[in-house]
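Visitor: Below you will find the structure I want to go over with you.
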Amino acid sequence: MLRRHSLVLGAALPLWFAPRPAHAAELGGGTITVEIRLANEDGDFVVPSAEDFRNFFNLAHCQCGTEFAARMNLENAPGAVPNEPVEIWAGANCDDFLDPARNEKCEQLDGFREIEDLRTPKERLISARSLMFPNQATCGAEENTHWVYVLIDDDQSNNEPENVFQAEVFFDTLGPPAPENAQASPGEGAITVTWDLSQSGASDISSFQALCWRADGQPAMISHEEPDFETAASVCGAPVTPRWARASAFAGYAMPGPDAMPGPDAMPGPDAMPGPDAMPGSGGDDIVLDPSLVCGTANSTDTSLRIGGLEEGVPSHVVLVAIDLAGNPTAVDLGEVEPRDVVDFWEDYNQRGGHARGGFCEIAPASGTTRGGGGLAILVFAAAAIAIARKGLARDKQ
């Protein structure tokens, strides 16, 4: 009889649950726990936070084949257990031995010689790509749920495992929708980026970020902002062009994981990488989303972003990046924008020979923003100033 025990792992849930007690006499009355662990900064595999878990199972870690650990342990089994092998699989419906598509949806990993081995906790390292896209050399674009399975086929019939233990993992390699109607406008030592929120998939967006760089490739400004997104280039240094678009989101470009990739000496240079015309939905020149170029961040519901501190007269290339809850980026190339010097009214008036005193700075609100009443006052004051200027100029001519 099939006995199934599940652990649910997801962004909104705790990362580990004790499974329901097993009633299998074959396990000496015990059960096998399955726990997903991620590597910390020291390289130790630990139980991650919900946010770290959600951000791990994304496109970048799939492309890089980043490994996570499945920790298994036979617990509460005082009695003897049979000398049966333990199989470990990753994918979907891997416990259905009769499914003809099982080998397409599942990847078998190194198991254990017998159940007794798990009385002491054991770990198996699993590639993120093996879990998300089993037996595939590339990573697709989708949101889905897969499992890490621990299977015990007591009678070795290969028809149905008698005990199934599994950890459920939600993953997202799809990426967010591109912001619509995005454009960048020059200002005085600044660039203002505006956009409309996409009508579909907006709830999956966590933030927006802008990237800025000069013609020499250097950052357009010194920024200490951390990137909210991950790419294969930032995770493992893979020479891959991430998603981007001029007007719409690019989806579906994938690269093989490290096991299927040639060594660094055999990797093609950037000139040999597939160009934009070969990448569906991209359009334009290849752009690498360099985390060091982040020059501004906006919330998920914002529709504008001001990038200040730029040098006037020096063009900056601007890219707007939408980032989803898993850290997948989708970028829109806004081209080059040149911050310009905006001539103040009073500067222009004085340069034309005006003598009246005043200036907009004298009536601007302390907050730096102009509300309705302030705007009206500025218009009235400007009209009066123009009249004074005309009278002064008229007197000078007489």
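Please note that chains go A, B, ... in the order of the structure tokens, that every chain numbers its residues from 1, and that ligands are numbered from 1 in the order shown.
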Which of segment 86-248 of chain A counts as strand (DSSP E or B) under DSSP, as number ranges by chain please?
Guide: A: 86-91, 106-112, 122-127, 143-152, 163-172, 180-187, 190-196, 205-213, 219, 245
Visitor: Taking only C-alpha atoms into account, produce a table as CSV in which each residue of segment 52-99 of chain A with an atom at most 10 Å from an atom of segment 328-331 of chain A appears once, together with its shortest atom pair and the distance in Å to one decimal, ordered by chain and rising number.
Guide:
residue,atom,partner,partner_atom,distance
A:Asn55,CA,A:Asn328,CA,8.6
A:Phe57,CA,A:Asn328,CA,10.0
A:Asn58,CA,A:Asn328,CA,6.5
A:Leu59,CA,A:Asn328,CA,6.5
A:Ala60,CA,A:Asn328,CA,7.5
Visitor: Please determine, counting only C-alpha atoms, which residue among A:Pro161, A:Pro85, A:Pro291, A:Pro177 has the shortest atom-to-atom distance to Glu114 of chain A.
Guide: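 Checking each of A:Pro161, A:Pro85, A:Pro291, A:Pro177 against Glu114 of chain A, counting only C-alpha atoms, the winner is A:Pro85.
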Visitor: Compile the contact shell of segment 180-190 of chain A as a list in words: residues with an atom at most 8 Å away, counting only C-alpha atoms, same-chain residues fewer than 2 positions apart removed.
Guide: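 Those residues are Ala178, Thr192, Val193, Thr194, Trp195, Asp196, Leu197, Ser198, Ala247, Ser248, Arg306, Ile307, Gly308, Gly309, Leu310, Glu311, Glu312, Val318, Leu320, Val332, Leu334, Val337, Glu338, Pro339, Arg340, Asp341 and Val342 of chain A.
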Visitor: Which residues, written as a VMD selection string, have at least one atom at most 9 Å from Asp110 of chain A, with only C-alpha atoms counted and residues fewer than 6 positions away on the same chain left out?
Guide: chain A and resid 87 to 89 124
Visitor: Expressed in Å to a single decimal, how great is the separation between atom CA of Asp216 of chain A and atom CA of Cys64 of chain A?
Guide: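 Distance between the two atoms: 29.0 Å.
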